[in-house]
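Okay, entry_13.cif now, which holds mmCIF, C-alpha atoms:
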data_upload
loop_
_atom_site.label_atom_id
_atom_site.label_comp_id
_atom_site.auth_asym_id
_atom_site.auth_seq_id
_atom_site.Cartn_x
_atom_site.Cartn_y
_atom_site.Cartn_z
CA MET A 1 127.88 111.28 85.35
CA HIS A 2 131.08 111.77 87.40
CA ASP A 3 129.26 110.57 90.49
CA CYS A 4 127.83 107.43 88.92
CA ILE A 5 129.30 104.39 90.69
CA PHE A 6 128.45 102.10 87.75
CA CYS A 7 130.25 104.39 85.29
CA THR A 8 133.24 104.29 87.63
CA ILE A 9 133.16 100.48 87.73
CA ALA A 10 132.79 100.24 83.93
CA ALA A 11 135.84 102.47 83.59
CA GLY A 12 137.84 100.14 85.86
CA LYS A 13 138.22 102.83 88.51
CA ALA A 14 136.29 101.26 91.38
CA PRO A 15 136.63 97.76 92.85
CA ALA A 16 134.25 95.15 91.46
CA SER A 17 134.23 91.38 91.09
CA ILE A 18 134.01 91.30 87.32
CA VAL A 19 132.79 88.28 85.40
CA TYR A 20 132.65 89.64 81.86
CA GLN A 21 133.31 92.80 79.85
CA ASP A 22 133.17 93.71 76.19
CA ASN A 23 132.91 96.93 74.18
CA ALA A 24 129.26 97.49 75.14
CA CYS A 25 128.70 96.07 78.62
CA ILE A 26 130.20 94.78 81.84
CA ALA A 27 128.92 92.14 84.28
CA PHE A 28 129.97 92.05 87.91
CA LEU A 29 128.74 90.76 91.24
CA ASP A 30 126.19 92.75 93.23
CA ILE A 31 127.74 93.62 96.59
CA GLN A 32 124.43 92.90 98.33
CA PRO A 33 123.37 89.68 96.64
CA VAL A 34 119.97 88.03 96.82
CA ASN A 35 122.07 84.84 96.67
CA LEU A 36 125.81 84.47 96.12
CA GLY A 37 126.46 84.79 92.41
CA HIS A 38 123.96 87.67 91.94
CA LEU A 39 125.19 89.60 88.90
CA LEU A 40 124.51 92.98 87.36
CA VAL A 41 124.86 93.50 83.62
CA ILE A 42 125.20 97.17 82.69
CA PRO A 43 126.03 99.17 79.59
CA ASN A 44 129.53 100.67 79.71
CA ALA A 45 128.12 103.98 78.52
CA HIS A 46 125.87 105.82 80.92
CA ALA A 47 122.11 105.43 80.42
CA THR A 48 119.94 106.46 83.33
CA TYR A 49 116.69 104.78 82.27
CA LEU A 50 115.63 102.22 79.68
CA ALA A 51 114.40 105.09 77.53
CA ASP A 52 117.99 106.37 77.38
CA LEU A 53 119.35 103.04 76.17
CA ASP A 54 119.52 102.21 72.46
CA GLU A 55 117.82 98.94 71.58
CA ALA A 56 120.95 97.34 70.15
CA THR A 57 122.67 97.68 73.51
CA GLY A 58 119.52 96.53 75.34
CA GLY A 59 119.36 93.38 73.25
CA HIS A 60 123.05 92.80 73.91
CA LEU A 61 122.57 93.08 77.68
CA PHE A 62 119.93 90.37 77.49
CA ARG A 63 122.04 88.06 75.35
CA VAL A 64 124.89 88.38 77.84
CA ALA A 65 122.44 87.75 80.68
CA GLN A 66 121.34 84.55 78.95
CA ARG A 67 124.96 83.35 78.82
CA LEU A 68 125.47 84.30 82.46
CA ALA A 69 122.31 82.43 83.51
CA ASN A 70 123.70 79.38 81.77
CA SER A 71 127.07 79.88 83.46
CA LEU A 72 125.53 80.29 86.93
CA ARG A 73 123.85 76.90 86.49
CA ARG A 74 127.23 75.34 85.67
CA SER A 75 129.33 77.32 88.14
CA GLY A 76 129.06 75.07 91.17
CA LEU A 77 127.35 77.83 93.18
CA PRO A 78 123.89 76.87 94.51
CA CYS A 79 121.66 77.48 91.46
CA GLU A 80 118.53 75.57 90.54
CA GLY A 81 116.95 78.42 88.63
CA VAL A 82 117.63 82.02 87.62
CA ASN A 83 115.74 85.30 87.76
CA LEU A 84 116.33 88.28 85.53
CA PHE A 85 115.08 91.55 86.96
CA LEU A 86 115.26 95.16 85.87
CA ALA A 87 113.90 98.19 87.70
CA ASP A 88 113.26 101.20 85.47
CA GLY A 89 112.47 104.31 87.46
CA GLU A 90 112.38 105.05 91.16
CA ALA A 91 108.69 103.99 91.39
CA ALA A 92 109.82 100.58 90.15
CA MET A 93 112.54 100.32 92.83
CA GLN A 94 115.48 101.50 90.71
CA GLU A 95 118.20 102.55 93.16
CA VAL A 96 121.34 103.16 91.08
CA LEU A 97 120.46 105.50 88.22
CA HIS A 98 122.42 103.64 85.52
CA VAL A 99 120.51 100.87 83.72
CA HIS A 100 121.31 97.46 85.25
CA LEU A 101 119.91 94.02 84.56
CA HIS A 102 120.00 91.71 87.59
CA VAL A 103 120.80 88.03 87.02
CA PHE A 104 120.58 85.96 90.16
CA PRO A 105 120.74 82.30 91.03
CA ARG A 106 117.84 80.73 92.86
CA PHE A 107 117.36 77.57 94.84
CA ALA A 108 114.52 76.01 96.80
CA GLY A 109 114.13 77.61 100.21
CA ASP A 110 116.34 80.63 99.52
CA GLY A 111 113.68 82.98 100.88
CA PHE A 112 113.44 85.26 97.85
CA GLY A 113 110.02 86.01 96.47
CA LEU A 114 107.59 88.58 95.16
CA ARG A 115 105.12 90.58 97.20
CA PHE A 116 101.83 91.52 95.54
CA GLY A 117 99.36 94.30 96.11
CA PRO A 118 95.82 93.72 97.40
CA ASN A 119 94.25 93.49 93.94
CA TYR A 120 96.52 90.78 92.61
CA LEU A 121 94.01 87.96 92.89
CA ASN A 122 91.21 89.83 91.14
CA LYS A 123 91.52 88.80 87.52
CA PRO A 124 90.21 91.61 85.32
CA GLU A 125 87.44 90.90 82.81
CA ARG A 126 88.59 90.32 79.22
CA ALA A 127 87.01 93.64 78.17
CA VAL A 128 89.21 95.49 80.68
CA LEU A 129 92.31 93.70 79.38
CA ASP A 130 91.35 94.40 75.77
CA SER A 131 90.84 98.06 76.51
CA ALA A 132 94.25 98.29 78.24
CA ALA A 133 95.80 96.48 75.25
CA ASP A 134 94.28 99.09 72.94
CA GLN A 135 95.80 101.91 74.97
CA ILE A 136 99.25 100.30 74.95
CA ARG A 137 99.06 99.45 71.25
CA ARG A 138 98.17 103.04 70.38
CA ALA A 139 101.13 104.31 72.41
CA LEU A 140 103.39 101.72 70.76
CA ASP A 141 102.30 102.75 67.28
CA ALA A 142 102.93 106.40 68.12
CA ALA A 143 106.29 105.90 69.89
CA PRO A 144 109.59 106.71 68.28
CA THR A 145 111.96 103.73 68.31
CA LYS A 146 115.65 104.08 69.14
CA PRO A 147 117.27 101.29 67.12
CA MET B 1 104.02 71.18 73.03
CA HIS B 2 100.37 70.68 72.16
CA ASP B 3 99.43 71.46 75.72
CA CYS B 4 101.42 74.69 75.95
CA ILE B 5 99.01 77.58 76.46
CA PHE B 6 101.58 80.11 75.24
CA CYS B 7 102.15 78.16 72.02
CA THR B 8 98.38 78.16 71.55
CA ILE B 9 98.22 81.93 72.06
CA ALA B 10 101.15 82.54 69.70
CA ALA B 11 99.32 80.49 67.06
CA GLY B 12 96.21 82.66 67.49
CA LYS B 13 94.18 79.72 68.81
CA ALA B 14 93.44 80.92 72.34
CA PRO B 15 92.02 84.26 73.46
CA ALA B 16 94.56 86.89 74.44
CA SER B 17 94.69 90.67 74.58
CA ILE B 18 97.50 91.15 72.11
CA VAL B 19 99.60 94.28 71.92
CA TYR B 20 102.26 93.29 69.41
CA GLN B 21 103.35 90.38 67.22
CA ASP B 22 106.07 89.83 64.66
CA ASN B 23 107.84 86.83 63.13
CA ALA B 24 109.73 86.01 66.31
CA CYS B 25 107.61 87.05 69.29
CA ILE B 26 104.23 88.07 70.60
CA ALA B 27 103.28 90.40 73.49
CA PHE B 28 99.96 90.15 75.30
CA LEU B 29 98.41 91.05 78.64
CA ASP B 30 98.89 88.77 81.63
CA ILE B 31 95.45 87.62 82.80
CA GLN B 32 96.54 88.01 86.43
CA PRO B 33 98.34 91.34 86.33
CA VAL B 34 100.55 92.83 89.03
CA ASN B 35 99.04 96.08 87.76
CA LEU B 36 96.78 96.68 84.77
CA GLY B 37 98.95 96.75 81.66
CA HIS B 38 101.17 93.86 82.82
CA LEU B 39 102.53 92.30 79.63
CA LEU B 40 104.25 89.07 78.70
CA VAL B 41 106.66 88.94 75.76
CA ILE B 42 107.24 85.40 74.50
CA PRO B 43 108.94 83.74 71.54
CA ASN B 44 106.45 82.40 68.99
CA ALA B 45 108.42 79.16 68.82
CA HIS B 46 108.37 77.00 71.91
CA ALA B 47 111.36 77.28 74.26
CA THR B 48 110.88 75.88 77.74
CA TYR B 49 113.84 77.52 79.47
CA LEU B 50 116.32 80.28 78.65
CA ALA B 51 118.85 77.59 77.73
CA ASP B 52 116.46 76.49 74.96
CA LEU B 53 116.23 79.98 73.48
CA ASP B 54 118.69 81.19 70.86
CA GLU B 55 120.39 84.45 71.77
CA ALA B 56 119.12 86.32 68.72
CA THR B 57 115.53 85.72 69.82
CA GLY B 58 116.42 86.53 73.44
CA GLY B 59 117.88 89.87 72.41
CA HIS B 60 114.79 90.54 70.33
CA LEU B 61 112.46 89.86 73.28
CA PHE B 62 114.35 92.45 75.28
CA ARG B 63 114.28 95.07 72.52
CA VAL B 64 110.52 94.60 72.21
CA ALA B 65 110.21 94.84 76.01
CA GLN B 66 112.07 98.16 75.90
CA ARG B 67 109.58 99.51 73.37
CA LEU B 68 106.68 98.23 75.46
CA ALA B 69 108.08 99.83 78.62
CA ASN B 70 108.20 103.10 76.73
CA SER B 71 104.64 102.57 75.49
CA LEU B 72 103.31 101.76 78.96
CA ARG B 73 104.65 105.08 80.19
CA ARG B 74 102.78 106.86 77.38
CA SER B 75 99.62 104.74 77.42
CA GLY B 76 97.58 106.67 79.95
CA LEU B 77 97.49 103.65 82.29
CA PRO B 78 98.94 104.31 85.75
CA CYS B 79 102.69 103.93 85.14
CA GLU B 80 105.47 105.81 86.91
CA GLY B 81 108.07 103.08 86.40
CA VAL B 82 108.45 99.63 84.84
CA ASN B 83 109.82 96.29 85.95
CA LEU B 84 111.11 93.57 83.67
CA PHE B 85 111.12 90.12 85.23
CA LEU B 86 111.91 86.65 83.96
CA ALA B 87 111.70 83.39 85.91
CA ASP B 88 113.85 80.62 84.49
CA GLY B 89 113.14 77.29 86.13
CA GLU B 90 110.62 76.16 88.71
CA ALA B 91 113.02 77.03 91.57
CA ALA B 92 112.95 80.60 90.25
CA MET B 93 109.11 80.70 90.24
CA GLN B 94 108.59 79.88 86.54
CA GLU B 95 105.00 78.72 86.24
CA VAL B 96 104.28 78.44 82.51
CA LEU B 97 107.02 76.36 80.89
CA HIS B 98 107.46 78.56 77.80
CA VAL B 99 109.97 81.43 78.16
CA HIS B 100 108.20 84.69 79.01
CA LEU B 101 109.52 88.12 79.87
CA HIS B 102 107.21 90.11 82.17
CA VAL B 103 106.88 93.86 81.57
CA PHE B 104 104.74 95.59 84.13
CA PRO B 105 103.85 99.14 85.00
CA ARG B 106 104.55 100.39 88.50
CA PHE B 107 103.33 103.31 90.54
CA ALA B 108 103.89 104.54 94.08
CA GLY B 109 101.81 102.59 96.58
CA ASP B 110 100.87 99.74 94.22
CA GLY B 111 101.89 97.16 96.83
CA PHE B 112 104.28 95.20 94.63
CA GLY B 113 107.71 94.44 96.01
CA LEU B 114 110.47 91.93 96.55
CA ARG B 115 110.84 89.64 99.53
CA PHE B 116 114.37 88.72 100.59
CA GLY B 117 115.85 85.78 102.45
CA PRO B 118 117.41 86.07 105.93
CA ASN B 119 120.97 86.57 104.63
CA TYR B 120 120.19 89.51 102.38
CA LEU B 121 121.64 92.18 104.63
CA ASN B 122 124.94 90.37 105.21
CA LYS B 123 127.23 91.80 102.55
CA PRO B 124 129.83 89.17 101.67
CA GLU B 125 133.53 90.03 101.94
CA ARG B 126 135.23 91.01 98.68
CA ALA B 127 137.24 87.75 98.72
CA VAL B 128 133.98 85.76 98.74
CA LEU B 129 132.64 87.79 95.81
CA ASP B 130 135.91 87.43 93.90
CA SER B 131 135.88 83.68 94.41
CA ALA B 132 132.27 83.42 93.16
CA ALA B 133 133.21 85.60 90.16
CA ASP B 134 136.04 83.17 89.37
CA GLN B 135 133.64 80.23 89.44
CA ILE B 136 131.15 81.97 87.14
CA ARG B 137 133.87 83.18 84.77
CA ARG B 138 135.28 79.67 84.42
CA ALA B 139 131.80 78.33 83.64
CA LEU B 140 131.26 81.17 81.14
CA ASP B 141 134.54 80.46 79.37
CA ALA B 142 133.64 76.77 79.14
CA ALA B 143 130.01 77.25 78.08
CA PRO B 144 128.84 76.73 74.53
CA THR B 145 127.02 79.76 73.17
CA LYS B 146 123.87 79.49 71.11
CA PRO B 147 124.03 82.53 68.83
#
Now, as a test, write the supplied structure out as C-alpha cells.
Amino acid sequence: MHDCIFCTIAAGKAPASIVYQDNACIAFLDIQPVNLGHLLVIPNAHATYLADLDEATGGHLFRVAQRLANSLRRSGLPCEGVNLFLADGEAAMQEVLHVHLHVFPRFAGDGFGLRFGPNYLNKPERAVLDSAADQIRRALDAAPTKP
Amino acid sequence: MHDCIFCTIAAGKAPASIVYQDNACIAFLDIQPVNLGHLLVIPNAHATYLADLDEATGGHLFRVAQRLANSLRRSGLPCEGVNLFLADGEAAMQEVLHVHLHVFPRFAGDGFGLRFGPNYLNKPERAVLDSAADQIRRALDAAPTKP
C-alpha cells in the first residue's frame, strides 16, 4: 500500500494534474495520455481489483466519469467523442494495481483503436451464446454482492 | 427509437442471450464477442449518448458491470481478467446509438489489445498537463449535472 503511486496521489503526496476530488475519489490526468485530456478516476481508498471495490464507490466512479466526459466535450481540448476503459487484472492489461477508470477524449484520425484476436469475426451460434449466458447467470446468482 | 435494436431487446422483442435484467438495465451477450462471455449492459430506457443518461442510471450500470465481472471470473468460461469499455460518440467508435457498457473476459494470448496513435509515447510536460486540467476543471465547474 505504501508503494502504491495512486494512493500517494490521492493523499496529495505526489505531483498530479488534478481535475476533481471528493471524499470517495480523485480524477487527474494520465501522464501518458492517449490524447491530451486523458483522465483517470480512482477511489481514494486503495482497491487493487474491481472485486476489492464496494459497489457504492464503483457507481460513484462512473457518475464522476460521466461528468468528466461531458466536461471534456466542453473543455476546448480536441474531443469529438469519449471512451471509458477499465482494465481489471494483469491479463486484461491492468498496469497500476489500484482500480482506475480511464476517461479519454477522442477525435477523428487520432490513431487510437482496438485490436482483435483471430476469432473476432466468427459470430458464435445462438446456442453457444445461450450456454455461455447460462454459465454466467449461474455464477451471478451464486456470487456474494458487496453493496 | 422504434428502430433501436437495443430498445427492442430491452423490451423482450428481439432474441438475446440475457444474463440479467432489472427495472433500470439489462445485460446480454454481444453477438460478436471479443471473447466468449462478452456482455453488454444497457439502460432499458433509450439514451443515445452518455450525456442523455441520468447519473443514477449510469452508476447503476457500473455496479451491475462489477457484479458481472465477478461472475465472469467464476463462470467457468476462460477469464483471467476483465475489461470494461464504453464508446460515447461515433468518433469514439460507438456503433449502436443506445448507451452500452461492454464487459468482456480476457485471458493471456487472446489477441485483444489497444492500438495507439503516433504521439502516444511522447509524455507531455507537466505544464501542458496542468493547463489541460485547468480547461477541464473550468468546464466541469460550469457544467450542469443530471443527477
Please provide the set of residues having any atom within 8 Å of stretch 51-56 of chain A, restricted to all atoms listed in the file, with same-chain residues fewer than 2 positions apart removed, written as an MDAnalysis selection string.
-> (chainID A and resid 47:49 58:60 99 146:147) or (chainID B and resid 63 66 70)
Neighbours of B:Ile26 within 12 Å (only C-alpha atoms; same-chain residues fewer than 4 positions away dropped), as a PyMOL selection string?
-> chain B and resi 6-12+16-22+39-46+57+60-62+64-65+68+99-101
Two-atom distance - atom CA of A:Ala91, atom CA of A:Leu140 (Å) | 21.4 Å
When you draw a straight line from atom CA of A:Ala92 to atom CA of A:Ala133, how long is it in Å?
->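 Value for the atom CA of A:Ala92-atom CA of A:Ala133 distance: 20.9 Å.
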Name every residue that the PyMOL selection byres ((chain B and resi 35) around 9) selects in this structure, writing the answer as a list in words with chains first and numbers rising.
->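 Evaluating the PyMOL selection byres ((chain B and resi 35) around 9) on these coordinates yields Gly117, Asn119 and Tyr120 of chain A; Gln32, Pro33, Val34, Leu36, Gly37, His38, Pro78, Phe104, Pro105, Arg106, Phe107, Asp110 and Phe112 of chain B.
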Can you spit out the residues from that selection as a PDB file, keeping the file's coordinate frame, using C-alpha atoms?
ATOM      1  CA  GLY A 117      99.360  94.300  96.110  1.00  0.00           C
ATOM      2  CA  ASN A 119      94.250  93.490  93.940  1.00  0.00           C
ATOM      3  CA  TYR A 120      96.520  90.780  92.610  1.00  0.00           C
TER       4      TYR A 120
ATOM      5  CA  GLN B  32      96.540  88.010  86.430  1.00  0.00           C
ATOM      6  CA  PRO B  33      98.340  91.340  86.330  1.00  0.00           C
ATOM      7  CA  VAL B  34     100.550  92.830  89.030  1.00  0.00           C
ATOM      8  CA  LEU B  36      96.780  96.680  84.770  1.00  0.00           C
ATOM      9  CA  GLY B  37      98.950  96.750  81.660  1.00  0.00           C
ATOM     10  CA  HIS B  38     101.170  93.860  82.820  1.00  0.00           C
ATOM     11  CA  PRO B  78      98.940 104.310  85.750  1.00  0.00           C
ATOM     12  CA  PHE B 104     104.740  95.590  84.130  1.00  0.00           C
ATOM     13  CA  PRO B 105     103.850  99.140  85.000  1.00  0.00           C
ATOM     14  CA  ARG B 106     104.550 100.390  88.500  1.00  0.00           C
ATOM     15  CA  PHE B 107     103.330 103.310  90.540  1.00  0.00           C
ATOM     16  CA  ASP B 110     100.870  99.740  94.220  1.00  0.00           C
ATOM     17  CA  PHE B 112     104.280  95.200  94.630  1.00  0.00           C
TER      18      PHE B 112
END
Computed interatomic separation between atom CA of B:Leu121 and atom CA of B:Gln94 (Å) | 25.5 Å
Edge lengths and centre in Å to one decimal, as JSON, is what I'm after for the box along x, y and z that holds all listed atoms of stretch 83-102 of chain B once 3 Å is added on each side.
{"center_x": 109.1, "center_y": 86.2, "center_z": 84.7, "size_x": 15.6, "size_y": 26.1, "size_z": 19.8}
Kindly resolve the PyMOL selection byres ((chain A and resi 131) around 12) on the present coordinates and return the residues as an MDAnalysis selection string.
-> (chainID A and resid 124:130 132:138) or (chainID B and resid 16:19 29 36:37 75:77)
Any chance you could export the current selection's C-alpha atoms as a PDB file, keeping the file's coordinate frame?
ATOM      1  CA  PRO A 124      90.210  91.610  85.320  1.00  0.00           C
ATOM      2  CA  GLU A 125      87.440  90.900  82.810  1.00  0.00           C
ATOM      3  CA  ARG A 126      88.590  90.320  79.220  1.00  0.00           C
ATOM      4  CA  ALA A 127      87.010  93.640  78.170  1.00  0.00           C
ATOM      5  CA  VAL A 128      89.210  95.490  80.680  1.00  0.00           C
ATOM      6  CA  LEU A 129      92.310  93.700  79.380  1.00  0.00           C
ATOM      7  CA  ASP A 130      91.350  94.400  75.770  1.00  0.00           C
ATOM      8  CA  ALA A 132      94.250  98.290  78.240  1.00  0.00           C
ATOM      9  CA  ALA A 133      95.800  96.480  75.250  1.00  0.00           C
ATOM     10  CA  ASP A 134      94.280  99.090  72.940  1.00  0.00           C
ATOM     11  CA  GLN A 135      95.800 101.910  74.970  1.00  0.00           C
ATOM     12  CA  ILE A 136      99.250 100.300  74.950  1.00  0.00           C
ATOM     13  CA  ARG A 137      99.060  99.450  71.250  1.00  0.00           C
ATOM     14  CA  ARG A 138      98.170 103.040  70.380  1.00  0.00           C
TER      15      ARG A 138
ATOM     16  CA  ALA B  16      94.560  86.890  74.440  1.00  0.00           C
ATOM     17  CA  SER B  17      94.690  90.670  74.580  1.00  0.00           C
ATOM     18  CA  ILE B  18      97.500  91.150  72.110  1.00  0.00           C
ATOM     19  CA  VAL B  19      99.600  94.280  71.920  1.00  0.00           C
ATOM     20  CA  LEU B  29      98.410  91.050  78.640  1.00  0.00           C
ATOM     21  CA  LEU B  36      96.780  96.680  84.770  1.00  0.00           C
ATOM     22  CA  GLY B  37      98.950  96.750  81.660  1.00  0.00           C
ATOM     23  CA  SER B  75      99.620 104.740  77.420  1.00  0.00           C
ATOM     24  CA  GLY B  76      97.580 106.670  79.950  1.00  0.00           C
ATOM     25  CA  LEU B  77      97.490 103.650  82.290  1.00  0.00           C
TER      26      LEU B  77
END
